[in-house]
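Participant: What follows is a structure written as structure tokens; I'll ask about it next.
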Amino acid sequence: MKTSTKQSKIPGGLEPEELTGRRARAERLSGEGGVNLGLRLKAARRSRNWTLEEASLRTGVARSTLSKIESNSMSPTFDILQRIARGFELDIVEFFDVSPHTQPVGRRTITRKGTGRPFFSEHYQHELLCTELVHKKLLPFRARIVARERDPNSGWVRHDGEEFLFVLSGTVAVLTELYEPAILEAGDSIYFDSQMGHAVVSVSEADAEVLWVCSDMEGVE
């Protein structure tokens, strides 16, 4: 009997080597912008003379998780990065941008196609937009939704503020703790309270892409 050498697909339809490649991209925290997130986090912590234990207490992120992020052996989820930013009293984009910032009246910035700050995690591939401006009231980003199901062990994402999501391509399911899943196709949009537990997964054959805008990221649980 002929033995097939082709590896079987994992749930979600991804080949093992494809998933491995995505995880490798997720761990490449510097993305295309050349920013080393682990070094940025370590420098921010040391500038405050905080131990990992103290940083953990201030951010609500486990000491072991912070250590792995600093050593670039783990890619934080966007939710964890939000927690870290709040605990360090920083704007989330300050972990990615190296240019000086000023805040004159009438601020404006333009992000050309493909020039946003990349941020990869296992479930999402974000492109942060308009990062030249810090302390914005809105956080816009484009995201490729890689996840095909919500991890029941990770819990719901929830934080202060509100969110707007517009589907650019593919189909997503917006999962919330209070409503039935909302299936959105290209051109559809949703606006919801961020304090309600939520998650977004792709339900199309190809990864879906969305425009995501969040307000008031403070108060992340």
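So you can find residues: chains in the structure tokens are A, B, ... in the order shown, residues in each start at 1, and ligands are numbered from 1 in order.
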Contacts between region 138-160 of chain A and region 58-98 of chain A, please, where a residue of region 58-98 of chain A counts if it comes within 10 Å (with only C-alpha atoms); show its shortest atom pair and distance in Å to one decimal, rows by chain and ascending number, as a tab-separated table.
Facilitator:
residue	atom	partner	partner_atom	distance
A:Phe78	CA	A:Val157	CA	9.5
A:Asp79	CA	A:Val157	CA	6.7
A:Ile80	CA	A:Val157	CA	9.6
A:Gln82	CA	A:His159	CA	9.0
A:Arg83	CA	A:His159	CA	9.3
A:Asp91	CA	A:Leu139	CA	9.8
A:Ile92	CA	A:Leu139	CA	8.9
A:Val93	CA	A:Leu139	CA	9.0
Participant: Keeping only C-alpha atoms, write the selected residues as a short mmCIF file (atom, residue, chain, number, x, y, z; two decimals), in the first residue's frame.
Facilitator:
data_model
loop_
_atom_site.label_atom_id
_atom_site.label_comp_id
_atom_site.auth_asym_id
_atom_site.auth_seq_id
_atom_site.Cartn_x
_atom_site.Cartn_y
_atom_site.Cartn_z
CA PHE A 78 -3.21 42.74 21.21
CA ASP A 79 -5.15 42.53 24.47
CA ILE A 80 -1.98 41.84 26.47
CA GLN A 82 -3.04 46.98 25.73
CA ARG A 83 -2.66 45.89 29.36
CA ASP A 91 0.21 55.06 24.32
CA ILE A 92 0.28 51.66 22.64
CA VAL A 93 1.93 53.06 19.50
#
Participant: So that I can see what lies close to Ser169 (chain A), please list as JSON, numbers by chain the residues with an atom at most 9 Å from it, counting only C-alpha atoms and leaving out residues fewer than 4 positions away in the same chain.
Facilitator: {"A": [185, 186, 187, 207, 208, 209, 210]}
Participant: Which one of A:Pro76, A:Phe88, A:Gly106, A:Ser67 sits closest to Asn49 (chain A) if you count only C-alpha atoms?
Facilitator: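 Closest to Asn49 (chain A) of all the choices is A:Phe88.
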Participant: Excluding same-chain residues fewer than 4 positions from Ala182 (chain A), what lies within 10 Å of it counting only C-alpha atoms, as an MDAnalysis selection string?
Facilitator: chainID A and resid 172:176 190 200
Participant: Could the residues in this selection be written to a file with C-alpha atoms, as a PDB file, in the first residue's frame?
Facilitator:
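Okay, this is what ended up in part.pdb:
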ATOM      1  CA  VAL A 172     -16.023  37.086   9.872  1.00  0.00           C
ATOM      2  CA  ALA A 173     -18.020  36.008  12.861  1.00  0.00           C
ATOM      3  CA  VAL A 174     -18.143  38.576  15.657  1.00  0.00           C
ATOM      4  CA  LEU A 175     -18.602  36.602  18.874  1.00  0.00           C
ATOM      5  CA  THR A 176     -19.898  38.302  22.023  1.00  0.00           C
ATOM      6  CA  ILE A 190     -20.509  46.554  13.359  1.00  0.00           C
ATOM      7  CA  VAL A 200     -13.541  37.968  16.005  1.00  0.00           C
TER       8      VAL A 200
END
Participant: For Lys136 (chain A), work out the shell of residues within 12 Å, counting only C-alpha atoms and skipping chain neighbours fewer than 2 positions away, then give it as a list in words.
Facilitator: Leu90, Asp91, Ile92, Val93, Glu94, Gln103, Arg107, Arg108, Thr109, Leu129, Cys130, Thr131, Glu132, Leu133, Val134, Leu138, Leu139, Pro140, Val213, Cys214, Ser215, Asp216, Met217 and Glu218 of chain A
Participant: Can you spit out the residues from that selection as a PDB file, in the first residue's frame, using N, CA and C atoms?
Facilitator:
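Listed below is the output, selection_34.pdb:
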ATOM      1  N   LEU A  90       1.603  54.387  28.893  1.00  0.00           N
ATOM      2  CA  LEU A  90       2.094  54.738  27.571  1.00  0.00           C
ATOM      3  C   LEU A  90       0.974  54.576  26.555  1.00  0.00           C
ATOM      4  N   ASP A  91       1.080  55.316  25.448  1.00  0.00           N
ATOM      5  CA  ASP A  91       0.215  55.061  24.316  1.00  0.00           C
ATOM      6  C   ASP A  91       0.742  53.797  23.643  1.00  0.00           C
ATOM      7  N   ILE A  92      -0.140  52.941  23.196  1.00  0.00           N
ATOM      8  CA  ILE A  92       0.279  51.662  22.640  1.00  0.00           C
ATOM      9  C   ILE A  92       1.232  51.821  21.455  1.00  0.00           C
ATOM     10  N   VAL A  93       1.069  52.891  20.674  1.00  0.00           N
ATOM     11  CA  VAL A  93       1.929  53.062  19.498  1.00  0.00           C
ATOM     12  C   VAL A  93       3.345  53.464  19.878  1.00  0.00           C
ATOM     13  N   GLU A  94       3.565  53.898  21.118  1.00  0.00           N
ATOM     14  CA  GLU A  94       4.911  54.274  21.546  1.00  0.00           C
ATOM     15  C   GLU A  94       5.844  53.061  21.609  1.00  0.00           C
ATOM     16  N   GLN A 103       2.478  67.611  19.796  1.00  0.00           N
ATOM     17  CA  GLN A 103       1.031  67.632  19.755  1.00  0.00           C
ATOM     18  C   GLN A 103       0.499  69.044  19.560  1.00  0.00           C
ATOM     19  N   ARG A 107      -3.645  68.613  14.636  1.00  0.00           N
ATOM     20  CA  ARG A 107      -2.789  67.494  14.258  1.00  0.00           C
ATOM     21  C   ARG A 107      -3.366  66.756  13.049  1.00  0.00           C
ATOM     22  N   ARG A 108      -2.481  66.188  12.245  1.00  0.00           N
ATOM     23  CA  ARG A 108      -2.896  65.400  11.101  1.00  0.00           C
ATOM     24  C   ARG A 108      -1.781  64.453  10.732  1.00  0.00           C
ATOM     25  N   THR A 109      -2.156  63.275  10.264  1.00  0.00           N
ATOM     26  CA  THR A 109      -1.147  62.340   9.781  1.00  0.00           C
ATOM     27  C   THR A 109      -1.768  61.471   8.696  1.00  0.00           C
ATOM     28  N   LEU A 129      -2.304  51.981  12.170  1.00  0.00           N
ATOM     29  CA  LEU A 129      -2.361  53.131  11.271  1.00  0.00           C
ATOM     30  C   LEU A 129      -2.180  54.435  12.036  1.00  0.00           C
ATOM     31  N   CYS A 130      -1.636  55.432  11.361  1.00  0.00           N
ATOM     32  CA  CYS A 130      -1.486  56.779  11.928  1.00  0.00           C
ATOM     33  C   CYS A 130      -0.712  56.762  13.240  1.00  0.00           C
ATOM     34  N   THR A 131       0.375  56.015  13.280  1.00  0.00           N
ATOM     35  CA  THR A 131       1.138  55.879  14.520  1.00  0.00           C
ATOM     36  C   THR A 131       2.005  57.092  14.833  1.00  0.00           C
ATOM     37  N   GLU A 132       2.111  58.034  13.899  1.00  0.00           N
ATOM     38  CA  GLU A 132       2.899  59.233  14.175  1.00  0.00           C
ATOM     39  C   GLU A 132       2.271  60.077  15.284  1.00  0.00           C
ATOM     40  N   LEU A 133       0.989  59.913  15.498  1.00  0.00           N
ATOM     41  CA  LEU A 133       0.288  60.662  16.542  1.00  0.00           C
ATOM     42  C   LEU A 133       0.036  59.763  17.740  1.00  0.00           C
ATOM     43  N   VAL A 134       0.511  60.194  18.902  1.00  0.00           N
ATOM     44  CA  VAL A 134       0.265  59.438  20.123  1.00  0.00           C
ATOM     45  C   VAL A 134      -0.862  60.100  20.901  1.00  0.00           C
ATOM     46  N   LEU A 138      -8.774  57.731  19.222  1.00  0.00           N
ATOM     47  CA  LEU A 138      -9.139  56.550  18.454  1.00  0.00           C
ATOM     48  C   LEU A 138      -7.873  55.799  18.068  1.00  0.00           C
ATOM     49  N   LEU A 139      -7.966  54.479  18.045  1.00  0.00           N
ATOM     50  CA  LEU A 139      -6.841  53.652  17.611  1.00  0.00           C
ATOM     51  C   LEU A 139      -7.286  52.872  16.369  1.00  0.00           C
ATOM     52  N   PRO A 140      -6.867  53.319  15.179  1.00  0.00           N
ATOM     53  CA  PRO A 140      -7.268  52.628  13.950  1.00  0.00           C
ATOM     54  C   PRO A 140      -6.211  51.616  13.515  1.00  0.00           C
ATOM     55  N   VAL A 213     -11.419  50.043  14.426  1.00  0.00           N
ATOM     56  CA  VAL A 213     -11.175  51.307  15.126  1.00  0.00           C
ATOM     57  C   VAL A 213     -11.661  51.160  16.560  1.00  0.00           C
ATOM     58  N   CYS A 214     -10.776  51.419  17.520  1.00  0.00           N
ATOM     59  CA  CYS A 214     -11.122  51.320  18.939  1.00  0.00           C
ATOM     60  C   CYS A 214     -11.008  52.704  19.588  1.00  0.00           C
ATOM     61  N   SER A 215     -11.863  52.973  20.539  1.00  0.00           N
ATOM     62  CA  SER A 215     -11.783  54.228  21.294  1.00  0.00           C
ATOM     63  C   SER A 215     -11.401  53.926  22.733  1.00  0.00           C
ATOM     64  N   ASP A 216     -10.740  54.875  23.371  1.00  0.00           N
ATOM     65  CA  ASP A 216     -10.452  54.823  24.803  1.00  0.00           C
ATOM     66  C   ASP A 216      -9.990  53.461  25.256  1.00  0.00           C
ATOM     67  N   MET A 217      -8.703  53.178  25.021  1.00  0.00           N
ATOM     68  CA  MET A 217      -8.166  51.866  25.386  1.00  0.00           C
ATOM     69  C   MET A 217      -7.811  51.764  26.856  1.00  0.00           C
ATOM     70  N   GLU A 218      -8.019  52.820  27.631  1.00  0.00           N
ATOM     71  CA  GLU A 218      -7.688  52.773  29.051  1.00  0.00           C
ATOM     72  C   GLU A 218      -8.678  51.883  29.780  1.00  0.00           C
TER      73      GLU A 218
END
Participant: In terms of the shortest atom-to-atom distance over only C-alpha atoms, which of A:Leu184, A:Ile69, A:Leu128, A:Leu37 is closest to Leu52 (chain A)?
Facilitator: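 Selected residue with least distance to Leu52 (chain A): A:Ile69.
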Participant: Mind the document's chain letters and residue numbers, and return as number ranges by chain the residues of region 36-154 of chain A that DSSP labels strand (DSSP E).
Facilitator: A: 117-120, 124-128, 138-145
Participant: CA of Glu163 (chain A) and CA of Tyr191 (chain A), how far apart in Å?
Facilitator: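 For CA of Tyr191 (chain A) relative to CA of Glu163 (chain A), the distance reads 5.6 Å.
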Participant: Give me, as an NGL selection string, the residues of region 48-136 of chain A that a backbone DSSP run labels helix (DSSP H, G or I).
Facilitator: :A and (52-59 or 63-70 or 78-87 or 92-95)
Participant: Write to file, as a PDB file, in the first residue's frame, the residues of the selection just made, with N, CA and C atoms.
Facilitator:
ATOM      1  N   LEU A  52      10.507  42.579  37.141  1.00  0.00           N
ATOM      2  CA  LEU A  52       9.451  41.905  36.388  1.00  0.00           C
ATOM      3  C   LEU A  52       8.217  41.689  37.266  1.00  0.00           C
ATOM      4  N   GLU A  53       8.474  41.429  38.541  1.00  0.00           N
ATOM      5  CA  GLU A  53       7.365  41.214  39.468  1.00  0.00           C
ATOM      6  C   GLU A  53       6.527  42.482  39.619  1.00  0.00           C
ATOM      7  N   GLU A  54       7.189  43.631  39.745  1.00  0.00           N
ATOM      8  CA  GLU A  54       6.455  44.884  39.882  1.00  0.00           C
ATOM      9  C   GLU A  54       5.718  45.228  38.592  1.00  0.00           C
ATOM     10  N   ALA A  55       6.359  44.988  37.461  1.00  0.00           N
ATOM     11  CA  ALA A  55       5.699  45.234  36.176  1.00  0.00           C
ATOM     12  C   ALA A  55       4.465  44.357  36.037  1.00  0.00           C
ATOM     13  N   SER A  56       4.561  43.141  36.535  1.00  0.00           N
ATOM     14  CA  SER A  56       3.422  42.230  36.490  1.00  0.00           C
ATOM     15  C   SER A  56       2.261  42.751  37.332  1.00  0.00           C
ATOM     16  N   LEU A  57       2.572  43.270  38.516  1.00  0.00           N
ATOM     17  CA  LEU A  57       1.538  43.806  39.400  1.00  0.00           C
ATOM     18  C   LEU A  57       0.867  45.034  38.788  1.00  0.00           C
ATOM     19  N   ARG A  58       1.652  45.863  38.090  1.00  0.00           N
ATOM     20  CA  ARG A  58       1.105  47.094  37.522  1.00  0.00           C
ATOM     21  C   ARG A  58       0.309  46.853  36.240  1.00  0.00           C
ATOM     22  N   THR A  59       0.631  45.803  35.523  1.00  0.00           N
ATOM     23  CA  THR A  59      -0.030  45.553  34.248  1.00  0.00           C
ATOM     24  C   THR A  59      -1.087  44.458  34.309  1.00  0.00           C
ATOM     25  N   ARG A  63       4.244  37.467  35.263  1.00  0.00           N
ATOM     26  CA  ARG A  63       5.687  37.721  35.194  1.00  0.00           C
ATOM     27  C   ARG A  63       6.339  36.888  34.111  1.00  0.00           C
ATOM     28  N   SER A  64       5.972  35.609  34.012  1.00  0.00           N
ATOM     29  CA  SER A  64       6.573  34.729  33.007  1.00  0.00           C
ATOM     30  C   SER A  64       6.256  35.198  31.593  1.00  0.00           C
ATOM     31  N   THR A  65       5.049  35.744  31.403  1.00  0.00           N
ATOM     32  CA  THR A  65       4.662  36.249  30.085  1.00  0.00           C
ATOM     33  C   THR A  65       5.497  37.467  29.714  1.00  0.00           C
ATOM     34  N   LEU A  66       5.674  38.391  30.669  1.00  0.00           N
ATOM     35  CA  LEU A  66       6.494  39.573  30.421  1.00  0.00           C
ATOM     36  C   LEU A  66       7.926  39.181  30.070  1.00  0.00           C
ATOM     37  N   SER A  67       8.453  38.194  30.783  1.00  0.00           N
ATOM     38  CA  SER A  67       9.819  37.744  30.530  1.00  0.00           C
ATOM     39  C   SER A  67       9.961  37.184  29.116  1.00  0.00           C
ATOM     40  N   LYS A  68       8.965  36.404  28.678  1.00  0.00           N
ATOM     41  CA  LYS A  68       9.012  35.817  27.338  1.00  0.00           C
ATOM     42  C   LYS A  68       8.905  36.896  26.261  1.00  0.00           C
ATOM     43  N   ILE A  69       8.084  37.924  26.527  1.00  0.00           N
ATOM     44  CA  ILE A  69       7.955  39.008  25.559  1.00  0.00           C
ATOM     45  C   ILE A  69       9.271  39.766  25.443  1.00  0.00           C
ATOM     46  N   GLU A  70       9.898  40.045  26.583  1.00  0.00           N
ATOM     47  CA  GLU A  70      11.165  40.787  26.574  1.00  0.00           C
ATOM     48  C   GLU A  70      12.265  40.025  25.848  1.00  0.00           C
ATOM     49  N   PHE A  78      -2.934  41.309  21.178  1.00  0.00           N
ATOM     50  CA  PHE A  78      -3.209  42.738  21.208  1.00  0.00           C
ATOM     51  C   PHE A  78      -3.772  43.135  22.567  1.00  0.00           C
ATOM     52  N   ASP A  79      -4.572  42.264  23.160  1.00  0.00           N
ATOM     53  CA  ASP A  79      -5.151  42.534  24.471  1.00  0.00           C
ATOM     54  C   ASP A  79      -4.064  42.674  25.527  1.00  0.00           C
ATOM     55  N   ILE A  80      -3.087  41.767  25.503  1.00  0.00           N
ATOM     56  CA  ILE A  80      -1.984  41.835  26.470  1.00  0.00           C
ATOM     57  C   ILE A  80      -1.165  43.097  26.258  1.00  0.00           C
ATOM     58  N   LEU A  81      -0.937  43.457  25.007  1.00  0.00           N
ATOM     59  CA  LEU A  81      -0.185  44.678  24.724  1.00  0.00           C
ATOM     60  C   LEU A  81      -0.919  45.902  25.246  1.00  0.00           C
ATOM     61  N   GLN A  82      -2.233  45.887  25.173  1.00  0.00           N
ATOM     62  CA  GLN A  82      -3.036  46.977  25.727  1.00  0.00           C
ATOM     63  C   GLN A  82      -2.856  47.063  27.243  1.00  0.00           C
ATOM     64  N   ARG A  83      -2.850  45.925  27.902  1.00  0.00           N
ATOM     65  CA  ARG A  83      -2.661  45.891  29.361  1.00  0.00           C
ATOM     66  C   ARG A  83      -1.300  46.467  29.742  1.00  0.00           C
ATOM     67  N   ILE A  84      -0.279  46.065  28.978  1.00  0.00           N
ATOM     68  CA  ILE A  84       1.072  46.552  29.253  1.00  0.00           C
ATOM     69  C   ILE A  84       1.134  48.062  29.066  1.00  0.00           C
ATOM     70  N   ALA A  85       0.556  48.556  27.972  1.00  0.00           N
ATOM     71  CA  ALA A  85       0.597  49.991  27.702  1.00  0.00           C
ATOM     72  C   ALA A  85      -0.077  50.773  28.823  1.00  0.00           C
ATOM     73  N   ARG A  86      -1.211  50.291  29.294  1.00  0.00           N
ATOM     74  CA  ARG A  86      -1.910  50.992  30.376  1.00  0.00           C
ATOM     75  C   ARG A  86      -1.098  50.959  31.660  1.00  0.00           C
ATOM     76  N   GLY A  87      -0.520  49.796  31.989  1.00  0.00           N
ATOM     77  CA  GLY A  87       0.275  49.687  33.209  1.00  0.00           C
ATOM     78  C   GLY A  87       1.503  50.575  33.191  1.00  0.00           C
ATOM     79  N   ILE A  92      -0.140  52.941  23.196  1.00  0.00           N
ATOM     80  CA  ILE A  92       0.279  51.662  22.640  1.00  0.00           C
ATOM     81  C   ILE A  92       1.232  51.821  21.455  1.00  0.00           C
ATOM     82  N   VAL A  93       1.069  52.891  20.674  1.00  0.00           N
ATOM     83  CA  VAL A  93       1.929  53.062  19.498  1.00  0.00           C
ATOM     84  C   VAL A  93       3.345  53.464  19.878  1.00  0.00           C
ATOM     85  N   GLU A  94       3.565  53.898  21.118  1.00  0.00           N
ATOM     86  CA  GLU A  94       4.911  54.274  21.546  1.00  0.00           C
ATOM     87  C   GLU A  94       5.844  53.061  21.609  1.00  0.00           C
ATOM     88  N   PHE A  95       5.270  51.849  21.621  1.00  0.00           N
ATOM     89  CA  PHE A  95       6.103  50.658  21.584  1.00  0.00           C
ATOM     90  C   PHE A  95       6.622  50.377  20.179  1.00  0.00           C
TER      91      PHE A  95
END
Participant: Tell me, in Å to one decimal, how far CA of Gln195 (chain A) is from CA of Pro118 (chain A).
Facilitator: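 Rounded to one decimal, the two atoms are 25.4 Å apart.
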Participant: Please report the interatomic distance between CA of Ser47 (chain A) and CA of Thr115 (chain A) in Å with one decimal.
Facilitator: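 Going from CA of Ser47 (chain A) over to CA of Thr115 (chain A), I get 29.5 Å.
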